[in-house]
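Data block for model19.cif (mmCIF, C-alpha atoms):
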data_data
loop_
_atom_site.label_atom_id
_atom_site.label_comp_id
_atom_site.auth_asym_id
_atom_site.auth_seq_id
_atom_site.Cartn_x
_atom_site.Cartn_y
_atom_site.Cartn_z
CA MET A 137 121.87 24.65 70.60
CA ILE A 138 121.20 27.42 68.11
CA ALA A 139 122.18 30.02 70.77
CA ASP A 140 125.67 28.58 71.06
CA ARG A 141 126.11 28.41 67.33
CA ILE A 142 125.08 32.06 67.01
CA LYS A 143 127.24 33.28 69.89
CA SER A 144 130.30 31.43 68.62
CA LEU A 145 130.14 33.59 65.48
CA VAL A 146 128.92 37.00 66.68
CA GLU A 147 131.90 39.31 67.05
CA SER A 148 131.98 41.88 69.82
CA ILE A 149 133.67 45.13 68.82
CA PRO A 150 134.39 47.58 71.66
CA ASP A 151 133.75 51.31 71.14
CA PHE A 152 131.90 50.97 67.82
CA PRO A 153 130.24 53.01 66.42
CA LYS A 154 131.24 55.22 69.37
CA GLN A 155 133.08 55.17 72.68
CA GLY A 156 131.44 53.03 75.34
CA ILE A 157 129.27 50.96 72.98
CA THR A 158 130.11 47.31 72.35
CA PHE A 159 128.85 46.47 68.89
CA ARG A 160 127.65 42.92 68.22
CA ASP A 161 128.41 42.06 64.61
CA ILE A 162 126.16 39.33 63.24
CA THR A 163 127.59 39.34 59.71
CA PRO A 164 129.87 36.29 60.32
CA ILE A 165 126.67 34.26 60.79
CA LEU A 166 125.68 35.03 57.22
CA LEU A 167 128.75 33.23 55.91
CA GLY A 168 127.28 29.90 57.00
CA SER A 169 124.34 29.05 54.80
CA ARG A 170 123.41 26.02 56.91
CA LEU A 171 123.25 28.13 60.06
CA SER A 172 121.18 30.80 58.29
CA TYR A 173 118.77 28.07 57.22
CA ASP A 174 118.56 26.74 60.77
CA ILE A 175 118.04 30.23 62.20
CA ALA A 176 115.05 30.82 59.92
CA ASP A 177 113.71 27.43 61.03
CA ALA A 178 114.24 28.25 64.71
CA PHE A 179 112.22 31.46 64.38
CA VAL A 180 109.38 29.62 62.68
CA GLN A 181 109.38 26.79 65.22
CA ARG A 182 109.14 29.20 68.15
CA MET A 183 106.10 31.03 66.82
CA ASN A 184 102.94 30.32 68.77
CA GLU A 185 100.49 31.37 66.07
CA ASP A 186 100.25 31.97 62.36
CA VAL A 187 100.93 35.46 61.08
CA ASP A 188 99.63 37.34 58.05
CA ALA A 189 102.90 39.10 57.26
CA VAL A 190 106.54 39.49 58.27
CA CYS A 191 107.76 43.05 58.88
CA ALA A 192 111.51 43.56 59.13
CA ILE A 193 113.51 46.60 60.13
CA GLU A 194 116.15 48.21 57.88
CA SER A 195 118.76 47.13 57.16
CA ARG A 196 120.05 44.14 59.12
CA GLY A 197 116.52 42.92 59.78
CA PHE A 198 116.20 42.34 56.05
CA PHE A 199 118.65 39.41 56.12
CA PHE A 200 116.54 36.96 58.08
CA GLY A 201 113.21 38.75 57.63
CA MET A 202 113.09 37.74 54.00
CA LEU A 203 114.09 34.14 54.79
CA ILE A 204 111.40 33.88 57.46
CA ALA A 205 108.71 35.32 55.17
CA ASN A 206 109.72 32.93 52.43
CA ARG A 207 109.69 29.97 54.81
CA LEU A 208 106.20 30.93 56.03
CA GLY A 209 104.91 31.77 52.54
CA LYS A 210 103.80 35.18 53.78
CA PRO A 211 104.19 38.78 52.57
CA PHE A 212 107.41 40.58 53.44
CA ILE A 213 107.09 44.23 54.45
CA PRO A 214 110.19 46.39 54.94
CA ILE A 215 110.18 49.02 57.69
CA ARG A 216 112.59 51.66 56.49
CA LYS A 217 114.32 54.81 57.62
CA GLU A 218 112.58 58.07 56.83
CA GLY A 219 112.33 59.13 53.21
CA LYS A 220 113.19 55.80 51.60
CA LEU A 221 109.71 54.52 50.77
CA PRO A 222 108.16 56.34 47.81
CA GLY A 223 104.47 55.66 48.48
CA MET A 224 102.08 56.82 51.22
CA THR A 225 103.50 55.72 54.56
CA HIS A 226 102.75 55.33 58.23
CA SER A 227 105.62 56.59 60.34
CA HIS A 228 106.68 56.85 63.96
CA THR A 229 109.35 59.04 65.52
CA TYR A 230 111.12 57.96 68.70
CA ASP A 231 113.77 59.40 70.98
CA LEU A 232 117.40 58.37 70.85
CA GLU A 233 120.08 59.20 73.40
CA TYR A 234 120.81 62.29 71.34
CA GLY A 235 118.06 63.42 68.99
CA SER A 236 115.39 61.26 67.41
CA SER A 237 114.77 58.80 64.60
CA THR A 238 111.82 58.01 62.35
CA VAL A 239 110.84 54.73 60.72
CA GLU A 240 108.19 54.18 58.05
CA MET A 241 106.08 51.45 56.48
CA HIS A 242 104.05 51.70 53.31
CA ALA A 243 100.37 52.30 53.97
CA ASN A 244 97.81 49.84 52.53
CA VAL A 245 100.04 46.79 52.90
CA LEU A 246 98.47 45.55 56.14
CA ASN A 247 94.77 44.87 56.60
CA PRO A 248 92.86 45.67 59.80
CA GLY A 249 93.09 42.67 62.10
CA ASP A 250 96.30 41.33 60.58
CA LYS A 251 98.76 39.67 62.93
CA VAL A 252 102.39 40.26 62.07
CA LEU A 253 105.84 39.09 63.03
CA VAL A 254 108.27 42.00 63.54
CA HIS A 255 111.89 41.00 63.03
CA ASP A 256 115.22 42.72 63.60
CA ASP A 257 118.70 41.32 64.14
CA LEU A 258 119.23 42.81 67.59
CA LEU A 259 117.08 43.88 70.55
CA ALA A 260 119.01 46.64 72.30
CA THR A 261 117.10 49.54 73.90
CA GLY A 262 113.94 48.51 72.05
CA GLY A 263 113.24 51.94 70.62
CA THR A 264 113.15 50.91 66.99
CA ALA A 265 111.14 47.74 67.65
CA ALA A 266 108.58 49.69 69.70
CA ALA A 267 108.32 52.22 66.85
CA ALA A 268 107.59 49.29 64.52
CA GLY A 269 104.87 48.18 66.95
CA GLU A 270 103.34 51.66 66.88
CA ILE A 271 103.23 51.68 63.08
CA VAL A 272 101.61 48.25 62.99
CA GLU A 273 98.94 49.29 65.50
CA LYS A 274 98.21 52.52 63.58
CA GLN A 275 96.89 50.23 60.85
CA ASN A 276 94.61 48.37 63.28
CA ALA A 277 96.85 45.35 62.96
CA SER A 278 98.75 43.75 65.84
CA VAL A 279 102.19 42.33 66.54
CA SER A 280 101.86 38.62 67.17
CA ALA A 281 105.56 38.30 67.97
CA PHE A 282 108.79 40.25 67.98
CA ALA A 283 111.66 38.04 66.83
CA PHE A 284 115.34 38.88 67.31
CA LEU A 285 118.52 37.00 66.63
CA VAL A 286 120.27 38.53 69.65
CA GLU A 287 119.03 40.28 72.80
CA LEU A 288 121.29 42.58 74.84
CA THR A 289 119.55 41.92 78.15
CA ASP A 290 121.26 44.70 80.16
CA LEU A 291 119.48 47.33 78.09
CA ASN A 292 115.99 46.09 79.10
CA GLY A 293 114.63 46.61 75.60
CA ARG A 294 111.97 43.97 76.19
CA ASP A 295 110.26 46.30 78.68
CA LYS A 296 109.50 48.71 75.85
CA LEU A 297 107.67 45.96 74.01
CA ILE A 298 105.24 45.07 76.82
CA PRO A 299 102.50 47.43 75.53
CA TYR A 300 102.15 45.35 72.36
CA LYS A 301 101.15 42.18 74.26
CA SER A 302 103.24 40.16 71.82
CA ASP A 303 105.32 37.04 72.12
CA LEU A 304 109.05 37.69 72.26
CA ILE A 305 111.40 35.31 70.45
CA THR A 306 115.14 35.74 70.96
CA LEU A 307 117.62 33.12 69.82
CA ALA A 308 120.70 34.25 71.79
CA GLU A 309 121.33 36.61 74.70
CA TYR A 310 124.22 38.73 75.95
CA MET B 226 107.12 35.07 32.11
CA ILE B 227 108.87 36.25 35.27
CA ALA B 228 109.52 39.65 33.61
CA ASP B 229 105.80 40.28 33.18
CA ARG B 230 105.03 39.24 36.73
CA ILE B 231 107.70 41.61 38.04
CA LYS B 232 106.65 44.53 35.84
CA SER B 233 102.98 44.13 36.74
CA LEU B 234 103.93 44.87 40.36
CA VAL B 235 106.77 47.42 40.16
CA GLU B 236 105.35 50.87 40.77
CA SER B 237 106.76 53.86 38.92
CA ILE B 238 106.81 57.04 40.99
CA PRO B 239 107.62 60.24 39.08
CA ASP B 240 109.95 62.82 40.67
CA PHE B 241 111.13 60.62 43.56
CA PRO B 242 113.45 61.04 45.37
CA LYS B 243 113.90 64.24 43.35
CA GLN B 244 112.56 66.11 40.34
CA GLY B 245 113.16 64.38 37.02
CA ILE B 246 113.83 60.91 38.44
CA THR B 247 111.26 58.14 38.01
CA PHE B 248 111.64 55.78 40.95
CA ARG B 249 110.89 52.08 40.39
CA ASP B 250 109.51 50.67 43.61
CA ILE B 251 110.01 46.93 43.91
CA THR B 252 108.47 46.55 47.39
CA PRO B 253 105.06 45.38 46.06
CA ILE B 254 106.87 42.30 44.73
CA LEU B 255 107.82 41.35 48.28
CA LEU B 256 104.16 41.00 49.23
CA GLY B 257 103.88 37.88 47.07
CA SER B 258 105.86 35.08 48.65
CA ARG B 259 105.34 32.79 45.67
CA LEU B 260 106.77 35.39 43.29
CA SER B 261 109.74 36.01 45.61
CA TYR B 262 110.39 32.28 45.61
CA ASP B 263 110.21 32.16 41.80
CA ILE B 264 112.49 35.18 41.47
CA ALA B 265 115.19 33.51 43.56
CA ASP B 266 114.78 30.42 41.36
CA ALA B 267 115.02 32.47 38.17
CA PHE B 268 118.32 34.00 39.29
CA VAL B 269 119.74 30.58 40.11
CA GLN B 270 118.56 29.05 36.84
CA ARG B 271 120.19 31.78 34.76
CA MET B 272 123.60 31.38 36.36
CA ASN B 273 126.17 29.83 34.02
CA GLU B 274 128.58 28.66 36.70
CA ASP B 275 128.79 27.92 40.40
CA VAL B 276 129.81 30.72 42.71
CA ASP B 277 131.61 30.70 46.05
CA ALA B 278 129.58 33.49 47.62
CA VAL B 279 126.69 35.90 47.07
CA CYS B 280 127.44 39.61 47.66
CA ALA B 281 124.45 41.95 47.89
CA ILE B 282 124.29 45.71 48.02
CA GLU B 283 122.61 47.62 50.87
CA SER B 284 119.77 47.79 51.40
CA ARG B 285 117.33 46.60 48.78
CA GLY B 286 119.84 44.08 47.49
CA PHE B 287 119.53 42.31 50.83
CA PHE B 288 115.96 41.13 50.08
CA PHE B 289 116.76 38.70 47.31
CA GLY B 290 120.49 38.39 47.99
CA MET B 291 119.80 36.41 51.12
CA LEU B 292 117.23 34.19 49.36
CA ILE B 293 119.65 33.47 46.52
CA ALA B 294 122.50 32.63 48.92
CA ASN B 295 120.22 30.34 50.88
CA ARG B 296 119.00 28.63 47.70
CA LEU B 297 122.59 28.07 46.57
CA GLY B 298 123.84 27.07 50.04
CA LYS B 299 126.59 29.69 49.79
CA PRO B 300 127.90 32.44 52.08
CA PHE B 301 126.07 35.76 52.05
CA ILE B 302 128.24 38.89 52.17
CA PRO B 303 126.65 42.32 52.61
CA ILE B 304 128.16 45.29 50.80
CA ARG B 305 127.27 48.27 52.94
CA LYS B 306 127.41 52.03 52.98
CA GLU B 307 130.47 53.60 54.55
CA GLY B 308 130.91 53.24 58.30
CA LYS B 309 128.39 50.46 58.89
CA LEU B 310 130.72 47.46 59.01
CA PRO B 311 132.72 47.29 62.23
CA GLY B 312 135.66 45.14 61.09
CA MET B 313 138.49 45.74 58.65
CA THR B 314 137.01 46.54 55.24
CA HIS B 315 137.76 46.98 51.59
CA SER B 316 136.06 50.06 50.21
CA HIS B 317 135.56 51.89 46.94
CA THR B 318 134.45 55.46 46.35
CA TYR B 319 132.65 56.42 43.15
CA ASP B 320 131.23 59.58 41.65
CA LEU B 321 127.57 60.46 41.74
CA GLU B 322 125.84 63.22 39.79
CA TYR B 323 126.55 65.50 42.76
CA GLY B 324 129.32 64.36 45.11
CA SER B 325 130.43 60.79 45.71
CA SER B 326 129.54 57.64 47.59
CA THR B 327 131.53 54.86 49.24
CA VAL B 328 130.64 51.21 49.72
CA GLU B 329 132.45 48.65 51.86
CA MET B 330 132.82 44.91 52.34
CA HIS B 331 134.44 43.15 55.27
CA ALA B 332 137.98 42.02 54.53
CA ASN B 333 138.86 38.33 54.93
CA VAL B 334 135.46 37.05 53.84
CA LEU B 335 136.50 36.24 50.27
CA ASN B 336 139.40 34.01 49.32
CA PRO B 337 141.71 34.68 46.36
CA GLY B 338 140.22 33.03 43.29
CA ASP B 339 136.66 33.07 44.60
CA LYS B 340 133.91 33.65 42.07
CA VAL B 341 130.97 35.66 43.37
CA LEU B 342 127.49 36.69 42.37
CA VAL B 343 126.86 40.41 42.97
CA HIS B 344 123.19 41.22 43.44
CA ASP B 345 121.18 44.43 43.69
CA ASP B 346 117.53 45.16 43.04
CA LEU B 347 118.09 47.67 40.27
CA LEU B 348 120.71 48.39 37.61
CA ALA B 349 120.55 52.13 36.94
CA THR B 350 123.75 54.05 36.13
CA GLY B 351 125.82 51.08 37.32
CA GLY B 352 128.02 53.11 39.66
CA THR B 353 127.29 51.11 42.79
CA ALA B 354 127.51 47.75 41.05
CA ALA B 355 130.86 48.71 39.48
CA ALA B 356 132.11 49.78 42.93
CA ALA B 357 131.11 46.33 44.19
CA GLY B 358 133.11 44.82 41.33
CA GLU B 359 136.16 46.90 42.33
CA ILE B 360 135.93 45.69 45.92
CA VAL B 361 135.65 42.06 44.83
CA GLU B 362 138.68 42.37 42.55
CA LYS B 363 140.74 44.08 45.29
CA GLN B 364 140.53 40.72 47.07
CA ASN B 365 141.80 38.84 44.02
CA ALA B 366 138.35 37.37 43.60
CA SER B 367 136.15 37.86 40.54
CA VAL B 368 132.54 38.61 39.71
CA SER B 369 131.05 35.60 37.96
CA ALA B 370 127.75 37.40 37.42
CA PHE B 371 125.91 40.59 38.26
CA ALA B 372 122.24 39.85 38.92
CA PHE B 373 119.50 42.48 39.02
CA LEU B 374 115.76 42.29 39.34
CA VAL B 375 115.25 45.33 37.09
CA GLU B 376 117.44 47.10 34.54
CA LEU B 377 116.79 50.71 33.48
CA THR B 378 118.22 50.32 30.00
CA ASP B 379 118.27 54.04 29.07
CA LEU B 380 120.96 54.68 31.68
CA ASN B 381 123.45 52.26 30.07
CA GLY B 382 124.59 50.95 33.45
CA ARG B 383 125.65 47.67 31.86
CA ASP B 384 128.47 49.49 30.05
CA LYS B 385 130.09 50.24 33.43
CA LEU B 386 130.18 46.51 34.18
CA ILE B 387 132.07 45.47 31.03
CA PRO B 388 135.51 45.65 32.76
CA TYR B 389 134.53 42.81 35.11
CA LYS B 390 133.99 40.31 32.26
CA SER B 391 131.00 38.94 34.12
CA ASP B 392 127.67 37.52 33.09
CA LEU B 393 124.77 39.93 33.45
CA ILE B 394 121.43 38.58 34.63
CA THR B 395 118.44 40.93 34.57
CA LEU B 396 114.90 39.66 35.07
CA ALA B 397 112.96 42.69 33.80
CA GLU B 398 113.78 45.81 31.80
CA TYR B 399 112.42 49.34 31.49
#
Show this structure as structure tokens.
Amino acid sequence: MIADRIKSLVESIPDFPKQGITFRDITPILLGSRLSYDIADAFVQRMNEDVDAVCAIESRGFFFGMLIANRLGKPFIPIRKEGKLPGMTHSHTYDLEYGSSTVEMHANVLNPGDKVLVHDDLLATGGTAAAAGEIVEKQNASVSAFAFLVELTDLNGRDKLIPYKSDLITLAEY
Amino acid sequence: MIADRIKSLVESIPDFPKQGITFRDITPILLGSRLSYDIADAFVQRMNEDVDAVCAIESRGFFFGMLIANRLGKPFIPIRKEGKLPGMTHSHTYDLEYGSSTVEMHANVLNPGDKVLVHDDLLATGGTAAAAGEIVEKQNASVSAFAFLVELTDLNGRDKLIPYKSDLITLAEY
């Protein structure tokens, strides 16, 4: 089971980056090239329809996002933190526990009607993934599926993704 | 020629992120999955010896770093900005034009004697790549090769990499 292989390597670090948060560190997974290969495969196998592009969220989403795009033979589109992309962008700002955050995607990289896969390493509260969904829909494209390596189920992040009427692929849950 | 294919897609943005800097945006390259595939191949073909791991620098180094590691069947090790890696780390601080910056790698992911490929998208002044070299050597490992998609030759970044006695692979130059 891919879930077991992932969970045997994810390290749980209490109180990082701050008190009360248990951080799930996926970087040990990246040390096993065979597992990384199988993870990219697992994402592709669980997709219910073809996509026109793979969008991945900075920075840990870039690890598997690029592998998935390459496996599918589709464009890779980075969704980055504010101010990192030099061209015209679409952006969306969302609330955090304290303050807010903004993510951006280059404009003119999606076509109207495109279906995309949105990938990140972790589904936690769902705020960043939902912001990615907003940016995709601003371009008259749609999210075919959200794909995460790990879902933290207690945080109910998947509820925030309901408006996008997308498939949800998660390979391991805590 | 891979260099021509890369340069036909890199966009040059004057005065980004600040006045006087011409930013080279590689993200259009990522839209072509065939080119991304060929770029990973080109890096692998130009390597003169096997490596034990691929280290890539946050965040744009993650795009091709992960593809190269997967192609080689070797561990992928992210080198991240300060405070992002939750475990014990090795770090190195280096001077920027104004102020300084610190990059980190998890400890205990390299073994003494390991040879690594260090990848980033762009070789500019070489400060970040040299910091990566310092971190690798702190672990009694060595940099077999630095590999960049694009080199900005006017900035002489390659001079900063001489102390590491590594190969230097660059696919396109400005």
Item to check | Given the PyMOL selection byres ((chain A) within 6 of (chain B)), the residues it picks as a PyMOL selection string | outcome: chain A and resi 166-169+195+199+202+206+209-212
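The residues returned by the PyMOL selection byres ((chain A and resi 234-241) around 6) for this structure are Ile215, Arg216, Lys217, Glu218, Thr225, His226, Ser227, His228, Thr229, Tyr230, Asp231, Leu232, Glu233 and His242 of chain A.
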Item to check | Coordinates-based distance that separates CA of Lys296 (chain A) from CA of Ser280 (chain A) (Å, one decimal) | outcome: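 Answer for the CA of Ser280 (chain A) to CA of Lys296 (chain A) separation: 15.3 Å.
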Item to check | Å distance separating CA of Leu342 (chain B) from CA of Asp384 (chain B), one decimal place | outcome: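 Interatomic distance here is 17.8 Å.
Distance annotation: of B:Ala370, B:Leu380, B:Ile246, B:Val276, the residue with the minimal separation from Gly338 (chain B) is B:Val276; atom set is all atoms listed in the file.
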Checklist entry - From the list A:Ala266, A:Met183, A:Leu259, A:Ala277, which residue is nearest Leu246 (chain A) when using only C-alpha atoms? => result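 Using only C-alpha atoms, the shortest distance to Leu246 (chain A) belongs to A:Ala277.
In this model, the gap between CA of Ser367 (chain B) and CA of Lys390 (chain B) comes to 8.9 Å.
Residue neighbourhood of Ala372 (chain B), excluding near-sequence residues (fewer than 4 positions): Phe268, Met272, Leu342, Val343, His344, Asp345, Asp346, Leu347, Leu348, Asp392, Leu393, Ile394, Thr395 and Leu396 of chain B, at 9 Å, using only C-alpha atoms.
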Using the structure block above, produce a file of region 257-268 of chain B that contains N, CA, C and O atoms, as an mmCIF file, in the first residue's frame.
data_model
loop_
_atom_site.group_PDB
_atom_site.id
_atom_site.type_symbol
_atom_site.label_atom_id
_atom_site.label_comp_id
_atom_site.auth_asym_id
_atom_site.auth_seq_id
_atom_site.Cartn_x
_atom_site.Cartn_y
_atom_site.Cartn_z
ATOM 1 N N GLY B 257 6.227 23.281 -21.658
ATOM 2 C CA GLY B 257 6.477 22.272 -22.684
ATOM 3 C C GLY B 257 7.018 21.000 -22.052
ATOM 4 O O GLY B 257 8.176 20.970 -21.644
ATOM 5 N N SER B 258 6.190 19.988 -21.948
ATOM 6 C CA SER B 258 6.623 18.800 -21.207
ATOM 7 C C SER B 258 7.728 18.065 -21.954
ATOM 8 O O SER B 258 8.597 17.451 -21.344
ATOM 9 N N ARG B 259 7.721 18.155 -23.281
ATOM 10 C CA ARG B 259 8.765 17.485 -24.057
ATOM 11 C C ARG B 259 10.118 18.157 -23.800
ATOM 12 O O ARG B 259 11.140 17.489 -23.640
ATOM 13 N N LEU B 260 10.113 19.491 -23.763
ATOM 14 C CA LEU B 260 11.366 20.200 -23.491
ATOM 15 C C LEU B 260 11.865 19.903 -22.079
ATOM 16 O O LEU B 260 13.065 19.695 -21.870
ATOM 17 N N SER B 261 10.943 19.865 -21.110
ATOM 18 C CA SER B 261 11.359 19.551 -19.735
ATOM 19 C C SER B 261 12.020 18.177 -19.680
ATOM 20 O O SER B 261 13.042 17.982 -19.010
ATOM 21 N N TYR B 262 11.428 17.244 -20.386
ATOM 22 C CA TYR B 262 11.977 15.887 -20.462
ATOM 23 C C TYR B 262 13.395 15.934 -21.047
ATOM 24 O O TYR B 262 14.332 15.333 -20.522
ATOM 25 N N ASP B 263 13.540 16.666 -22.151
ATOM 26 C CA ASP B 263 14.844 16.751 -22.823
ATOM 27 C C ASP B 263 15.884 17.481 -21.971
ATOM 28 O O ASP B 263 17.077 17.173 -22.039
ATOM 29 N N ILE B 264 15.432 18.457 -21.185
ATOM 30 C CA ILE B 264 16.356 19.178 -20.308
ATOM 31 C C ILE B 264 16.902 18.235 -19.235
ATOM 32 O O ILE B 264 18.111 18.216 -18.964
ATOM 33 N N ALA B 265 16.023 17.454 -18.635
ATOM 34 C CA ALA B 265 16.493 16.486 -17.628
ATOM 35 C C ALA B 265 17.499 15.524 -18.259
ATOM 36 O O ALA B 265 18.542 15.223 -17.673
ATOM 37 N N ASP B 266 17.196 15.072 -19.471
ATOM 38 C CA ASP B 266 18.127 14.199 -20.205
ATOM 39 C C ASP B 266 19.461 14.874 -20.457
ATOM 40 O O ASP B 266 20.524 14.251 -20.315
ATOM 41 N N ALA B 267 19.419 16.142 -20.857
ATOM 42 C CA ALA B 267 20.654 16.860 -21.187
ATOM 43 C C ALA B 267 21.548 16.964 -19.959
ATOM 44 O O ALA B 267 22.770 16.782 -20.049
ATOM 45 N N PHE B 268 20.941 17.250 -18.800
ATOM 46 C CA PHE B 268 21.741 17.296 -17.568
ATOM 47 C C PHE B 268 22.418 15.943 -17.317
ATOM 48 O O PHE B 268 23.607 15.871 -17.013
#
